[in-house]
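Structure data (CSV, C-alpha atoms) from target_36.csv:
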chain,number,residue,atom,x,y,z
U,1,MET,CA,100.5,4.2,-15.8
U,2,LEU,CA,98.0,1.7,-14.5
U,3,ARG,CA,95.3,3.1,-12.3
U,4,ALA,CA,94.1,0.4,-9.9
U,5,ILE,CA,90.4,0.2,-9.2
U,6,SER,CA,90.3,-1.4,-5.8
U,7,GLY,CA,90.9,-4.9,-7.0
U,8,TRP,CA,87.8,-4.8,-9.0
U,9,VAL,CA,89.4,-5.4,-12.4
U,10,SER,CA,92.3,-7.8,-12.3
U,11,LEU,CA,95.1,-7.2,-14.8
U,12,MET,CA,97.9,-9.6,-15.7
U,13,THR,CA,100.6,-9.9,-18.3
U,14,ALA,CA,100.6,-12.8,-20.7
U,15,GLY,CA,102.8,-13.3,-23.7
U,16,GLY,CA,103.8,-9.7,-23.6
U,17,LEU,CA,100.2,-8.5,-24.0
U,18,LEU,CA,98.0,-7.2,-21.4
U,19,ALA,CA,95.2,-9.6,-20.5
U,20,VAL,CA,92.1,-8.3,-18.8
U,21,THR,CA,90.5,-10.8,-16.5
U,22,LEU,CA,86.9,-9.9,-15.9
U,23,SER,CA,85.0,-11.5,-13.0
U,24,LEU,CA,81.3,-11.2,-14.0
U,25,PHE,CA,79.1,-11.6,-10.9
U,26,LEU,CA,76.5,-14.2,-10.8
U,27,ASN,CA,72.7,-14.5,-10.8
U,28,SER,CA,69.3,-12.6,-11.7
U,29,SER,CA,61.6,-8.4,-14.5
U,30,ALA,CA,60.0,-5.9,-18.7
U,31,ALA,CA,58.2,-2.7,-19.9
U,32,PRO,CA,60.0,0.5,-20.8
U,33,THR,CA,62.8,0.4,-23.3
U,34,ILE,CA,66.1,2.1,-24.0
U,35,ASN,CA,66.3,2.9,-27.7
U,36,PHE,CA,69.7,4.0,-29.0
U,37,GLY,CA,69.8,7.2,-31.0
U,38,SER,CA,72.1,7.9,-33.9
U,39,ASP,CA,75.0,9.2,-31.7
U,40,SER,CA,74.8,6.1,-29.4
U,41,ARG,CA,74.6,3.8,-32.4
U,42,ALA,CA,77.8,5.3,-33.7
U,43,VAL,CA,79.6,4.7,-30.4
U,44,LEU,CA,78.3,1.1,-30.1
U,45,SER,CA,78.8,0.0,-33.7
U,46,ARG,CA,82.5,1.0,-34.1
U,47,ASP,CA,85.0,-1.6,-35.3
U,48,VAL,CA,87.6,-1.8,-32.6
U,49,GLU,CA,90.9,-3.7,-33.2
U,50,ALA,CA,93.3,-2.1,-30.8
U,51,ALA,CA,94.6,-4.2,-28.0
U,52,PRO,CA,93.7,-3.0,-24.4
U,53,SER,CA,96.0,-0.4,-23.0
U,54,ALA,CA,97.3,-0.4,-19.5
U,55,ASP,CA,95.3,2.7,-18.6
U,56,ILE,CA,92.0,1.9,-17.1
U,57,ALA,CA,89.5,4.7,-16.2
U,58,GLN,CA,86.3,4.6,-14.2
U,59,LEU,CA,82.8,6.2,-14.5
U,60,THR,CA,80.1,6.0,-12.0
U,61,PHE,CA,76.6,7.4,-12.7
U,62,ALA,CA,72.9,7.1,-11.6
U,63,VAL,CA,70.4,6.6,-14.4
U,64,GLY,CA,67.2,5.5,-12.5
U,65,CYS,CA,66.9,1.8,-12.4
U,66,PHE,CA,70.4,0.5,-12.7
U,67,TRP,CA,69.6,-2.7,-14.7
U,68,GLY,CA,69.1,-0.9,-18.1
U,69,GLY,CA,72.0,1.5,-17.7
U,70,GLU,CA,74.3,-1.3,-16.9
U,71,LEU,CA,73.4,-3.4,-20.0
U,72,ALA,CA,73.7,-0.3,-22.2
U,73,MET,CA,77.3,0.1,-21.0
U,74,GLN,CA,78.1,-3.6,-21.3
U,75,ARG,CA,77.5,-3.3,-25.0
U,76,VAL,CA,80.0,-0.5,-25.6
U,77,PRO,CA,83.4,-1.5,-27.2
U,78,GLY,CA,86.1,-0.6,-24.8
U,79,VAL,CA,84.0,-1.1,-21.6
U,80,LEU,CA,85.9,-3.8,-19.6
U,81,GLN,CA,83.6,-4.4,-16.7
U,82,THR,CA,80.3,-3.1,-15.2
U,83,GLU,CA,78.9,-3.3,-11.7
U,84,VAL,CA,75.7,-2.0,-10.1
U,85,GLY,CA,75.4,-0.7,-6.6
U,86,TYR,CA,74.6,2.3,-4.4
U,87,ALA,CA,76.4,5.6,-4.3
U,88,GLY,CA,76.0,9.2,-3.0
U,89,GLY,CA,74.6,8.3,0.5
U,90,GLN,CA,75.6,8.3,4.1
U,91,VAL,CA,74.8,4.7,5.1
U,92,ALA,CA,77.6,2.2,4.8
U,93,ASN,CA,76.9,-1.1,3.0
U,94,PRO,CA,73.2,-0.5,2.5
U,95,SER,CA,70.8,-3.2,1.4
U,96,TYR,CA,68.5,-2.8,-1.6
U,97,GLU,CA,65.5,-2.6,0.8
U,98,GLN,CA,67.1,0.2,2.7
U,99,VAL,CA,67.9,2.2,-0.4
U,100,CYS,CA,64.5,1.7,-1.9
U,101,ALA,CA,62.8,2.8,1.4
U,102,GLY,CA,64.7,6.1,1.2
U,103,GLY,CA,66.5,8.1,3.8
U,104,THR,CA,70.0,6.7,3.1
U,105,GLY,CA,70.8,9.3,0.4
U,106,HIS,CA,72.0,6.6,-1.9
U,107,ARG,CA,71.0,6.3,-5.6
U,108,GLU,CA,71.0,3.1,-7.7
U,109,ALA,CA,74.3,3.5,-9.6
U,110,VAL,CA,76.4,1.9,-12.3
U,111,ARG,CA,80.2,1.7,-12.1
U,112,VAL,CA,82.0,1.2,-15.3
U,113,ALA,CA,85.7,0.3,-15.9
U,114,TYR,CA,86.8,1.3,-19.5
U,115,ASP,CA,89.8,1.6,-21.7
U,116,PRO,CA,90.1,5.3,-22.7
U,117,SER,CA,92.3,4.4,-25.7
U,118,VAL,CA,89.2,2.6,-27.1
U,119,VAL,CA,86.3,4.6,-25.8
U,120,SER,CA,86.3,8.2,-24.4
U,121,LEU,CA,84.4,9.5,-21.4
U,122,GLN,CA,82.4,11.8,-23.8
U,123,GLN,CA,81.3,8.7,-25.8
U,124,LEU,CA,80.2,7.0,-22.7
U,125,LEU,CA,78.1,10.1,-21.8
U,126,VAL,CA,76.4,9.8,-25.2
U,127,VAL,CA,75.2,6.3,-24.2
U,128,TYR,CA,74.3,7.5,-20.7
U,129,TRP,CA,72.1,10.2,-22.2
U,130,ASP,CA,70.2,7.7,-24.4
U,131,ALA,CA,69.6,5.5,-21.3
U,132,LEU,CA,67.6,8.3,-19.6
U,133,LYS,CA,63.9,8.3,-19.8
U,134,ASP,CA,63.5,12.0,-18.9
U,135,PRO,CA,66.6,14.0,-17.9
U,136,THR,CA,64.4,16.8,-16.6
U,137,ASP,CA,62.5,14.6,-14.1
U,138,ALA,CA,63.8,15.4,-10.5
U,139,GLY,CA,61.6,12.8,-8.9
U,140,GLY,CA,62.9,9.6,-10.5
U,141,GLN,CA,62.7,8.0,-13.9
U,142,GLY,CA,59.5,6.6,-15.5
U,143,GLY,CA,57.6,4.5,-12.9
U,144,ASP,CA,60.6,4.3,-10.6
U,145,ARG,CA,60.1,7.1,-8.1
U,146,GLY,CA,62.0,8.4,-5.1
U,147,GLU,CA,65.5,9.5,-4.2
U,148,SER,CA,67.1,6.2,-5.1
U,149,TYR,CA,66.1,6.6,-8.8
U,150,THR,CA,67.2,10.2,-9.2
U,151,LEU,CA,70.0,11.1,-11.7
U,152,ALA,CA,73.6,11.9,-11.0
U,153,LEU,CA,77.1,11.9,-12.4
U,154,PHE,CA,79.8,11.2,-9.8
U,155,ALA,CA,83.0,13.2,-10.4
U,156,GLN,CA,86.4,11.9,-9.5
U,157,GLY,CA,88.4,15.1,-9.4
U,158,ARG,CA,88.1,18.6,-10.8
U,159,GLU,CA,88.9,17.8,-14.4
U,160,MET,CA,86.0,15.3,-14.5
U,161,ARG,CA,83.7,17.7,-12.8
U,162,LYS,CA,84.5,20.4,-15.3
U,163,LEU,CA,83.8,18.0,-18.2
U,164,PHE,CA,80.5,17.0,-16.7
U,165,GLU,CA,79.5,20.7,-16.1
U,166,GLU,CA,80.3,21.6,-19.7
U,167,TRP,CA,78.5,18.6,-21.1
U,168,LEU,CA,75.4,19.2,-19.0
U,169,GLN,CA,75.3,22.9,-20.0
U,170,GLY,CA,75.3,21.9,-23.6
U,171,LYS,CA,72.5,19.4,-23.1
U,172,ALA,CA,70.4,21.9,-21.1
U,173,GLU,CA,70.7,24.4,-24.0
U,174,LEU,CA,69.7,21.6,-26.4
U,175,VAL,CA,66.7,20.6,-24.3
U,176,GLY,CA,65.7,24.1,-23.4
U,177,ARG,CA,64.8,23.2,-19.8
U,178,PRO,CA,66.8,22.7,-16.6
U,179,LEU,CA,68.2,19.2,-16.2
U,180,ALA,CA,67.7,17.1,-13.1
U,181,ILE,CA,71.1,15.5,-13.3
U,182,GLN,CA,73.3,16.3,-10.3
U,183,ILE,CA,77.0,16.3,-10.3
U,184,LEU,CA,78.3,14.8,-7.0
U,185,ASP,CA,81.8,14.1,-5.8
U,186,PHE,CA,82.5,10.4,-5.9
U,187,GLU,CA,83.1,9.2,-2.3
U,188,SER,CA,82.0,5.6,-2.1
U,189,PHE,CA,80.4,2.8,-4.0
U,190,TYR,CA,78.7,-0.2,-2.4
U,191,PRO,CA,78.1,-3.1,-4.7
U,192,ALA,CA,74.5,-4.3,-4.9
U,193,GLU,CA,73.4,-7.8,-4.1
U,194,ARG,CA,74.6,-10.4,-6.4
U,195,TYR,CA,71.3,-11.1,-8.1
U,196,HIS,CA,71.2,-7.5,-9.4
U,197,GLN,CA,74.6,-7.8,-11.2
U,198,GLN,CA,74.2,-8.1,-15.0
U,199,TYR,CA,70.5,-8.8,-14.3
U,200,LEU,CA,69.1,-8.2,-17.8
U,201,GLU,CA,71.9,-10.2,-19.4
U,202,LYS,CA,71.2,-13.1,-17.1
U,203,ASN,CA,67.5,-12.8,-18.1
U,204,GLY,CA,68.1,-13.2,-21.8
U,205,GLN,CA,69.0,-9.8,-23.2
U,206,SER,CA,72.2,-9.5,-25.2
U,207,SER,CA,75.3,-7.9,-23.8
U,208,SER,CA,77.3,-8.4,-27.0
U,209,LYS,CA,79.6,-5.5,-27.9
U,210,GLY,CA,77.9,-3.3,-30.5
U,211,ASP,CA,74.4,-4.8,-30.1
U,212,LEU,CA,71.8,-2.2,-30.9
U,213,THR,CA,68.7,-4.1,-29.9
U,214,PRO,CA,66.4,-1.9,-27.7
U,215,ILE,CA,66.8,-2.8,-24.1
U,216,ARG,CA,63.8,-3.9,-22.1
U,217,CYS,CA,64.4,-2.3,-18.8
U,218,TYR,CA,62.7,-4.9,-16.6
U,219,GLY,CA,63.7,-8.3,-18.0

Would you write out, as structure tokens, the structure that this file holds?
Amino acid sequence: MLRAISGWVSLMTAGGLLAVTLSLFLNSSAAPTINFGSDSRAVLSRDVEAAPSADIAQLTFAVGCFWGGELAMQRVPGVLQTEVGYAGGQVANPSYEQVCAGGTGHREAVRVAYDPSVVSLQQLLVVYWDALKDPTDAGGQGGDRGESYTLALFAQGREMRKLFEEWLQGKAELVGRPLAIQILDFESFYPAERYHQQYLEKNGQSSSKGDLTPIRCYG
């Protein structure tokens, strides 16, 4: 059964096959990098031949600066569309300036629409993990400090929350320290300004499926 995602991904039938129409949003800095570990490389480099299914799922997460996290997801086979924005706060339709100033409760977030017949939620979490600079840092990520750069996974229902809890428990045992990744109920997502959308791709970094090139997080 098709799960609609608020008109964000447009689906239409053509020649008996499902065609996915992706509307990539338009328009527009380079230091830390995201380097893909062996598990992420396995997810990214798979050969995928299956046609898209009619079942579309959604994942929303906060990874620090949203540019690098978005590009990492753009490269995953089975990811249909990505969008950056603001989630977890109390202010409706906040601006980037408001979120960065603090006090809105929002985090920079990435929303991903994906085909679960091609890539699983667990596989997306592998890529999410590699996109983190320090999963134990409760004050932000790298040089990006403050509440808007703190980490979170946004659960849509009890089943997803349980999966997140089990995954984080395993990662905490692996790291040997408490993690700073919160699990929050998904309530709303406000798209960021247009120049933030696919920012690193528009500034010359590859978004090709399966690309393993390290991501320069600021341009």

Residue among U:Cys100, U:Val175, U:Ala180, U:Ala109 lying closest to U:Leu59, counting all atoms listed in the file = U:Ala109

key: Nearest residue to U:Ile183 from the set U:Cys217, U:Leu168, U:Cys65, U:Val126 (distances using only C-alpha atoms)   =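 Nearest candidate to U:Ile183 out of U:Cys217, U:Leu168, U:Cys65, U:Val126: U:Leu168.
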
Work out where the centre of an axis-aligned box around every listed atom of stretch 84-87 of chain U lies and how long its edges are once 5 Å is added on each side; give both in Å to one decimal as AutoDock Vina command-line options.
--center_x 75.5 --center_y 1.8 --center_z -7.2 --size_x 11.8 --size_y 17.6 --size_z 15.8

key: Surrounding residues of U:Phe189 excluding itself and chain neighbours under 4 positions, 12 Å, all atoms listed in the file, as number ranges by chain   = U: 5-6, 8, 58-62, 83-94, 106-112, 154, 185

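Relative to atom CA of U:Leu163, atom CA of U:Pro191 is found at 25.7 Å.
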
query = Given the choices U:Val127, U:Pro135, U:Tyr114, U:Leu151, which gets closest to U:Phe66 if the distance is worked out from only C-alpha atoms?
reply =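 So, comparing all the options, the nearest one is U:Leu151.
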
message = Using Å and a single decimal, report how far atom CA of U:Leu71 sits from atom CA of U:Gln122.
response =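 Value for the atom CA of U:Gln122-atom CA of U:Leu71 distance: 18.1 Å.
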
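One finds atom CA of U:Val63 at 18.7 Å from atom CA of U:Gly103.
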
Compile the contact shell of U:Leu184 as an mmCIF file with C-alpha atoms, keeping the file's coordinate frame: residues with an atom at most 7 Å away, counting only C-alpha atoms, same-chain residues fewer than 4 positions apart removed.
data_model
loop_
_atom_site.group_PDB
_atom_site.id
_atom_site.type_symbol
_atom_site.label_atom_id
_atom_site.label_comp_id
_atom_site.auth_asym_id
_atom_site.auth_seq_id
_atom_site.Cartn_x
_atom_site.Cartn_y
_atom_site.Cartn_z
ATOM 1 C CA ALA U 152 73.600 11.900 -11.000
ATOM 2 C CA LEU U 153 77.100 11.900 -12.400
ATOM 3 C CA PHE U 154 79.800 11.200 -9.800
ATOM 4 C CA ALA U 155 83.000 13.200 -10.400
#
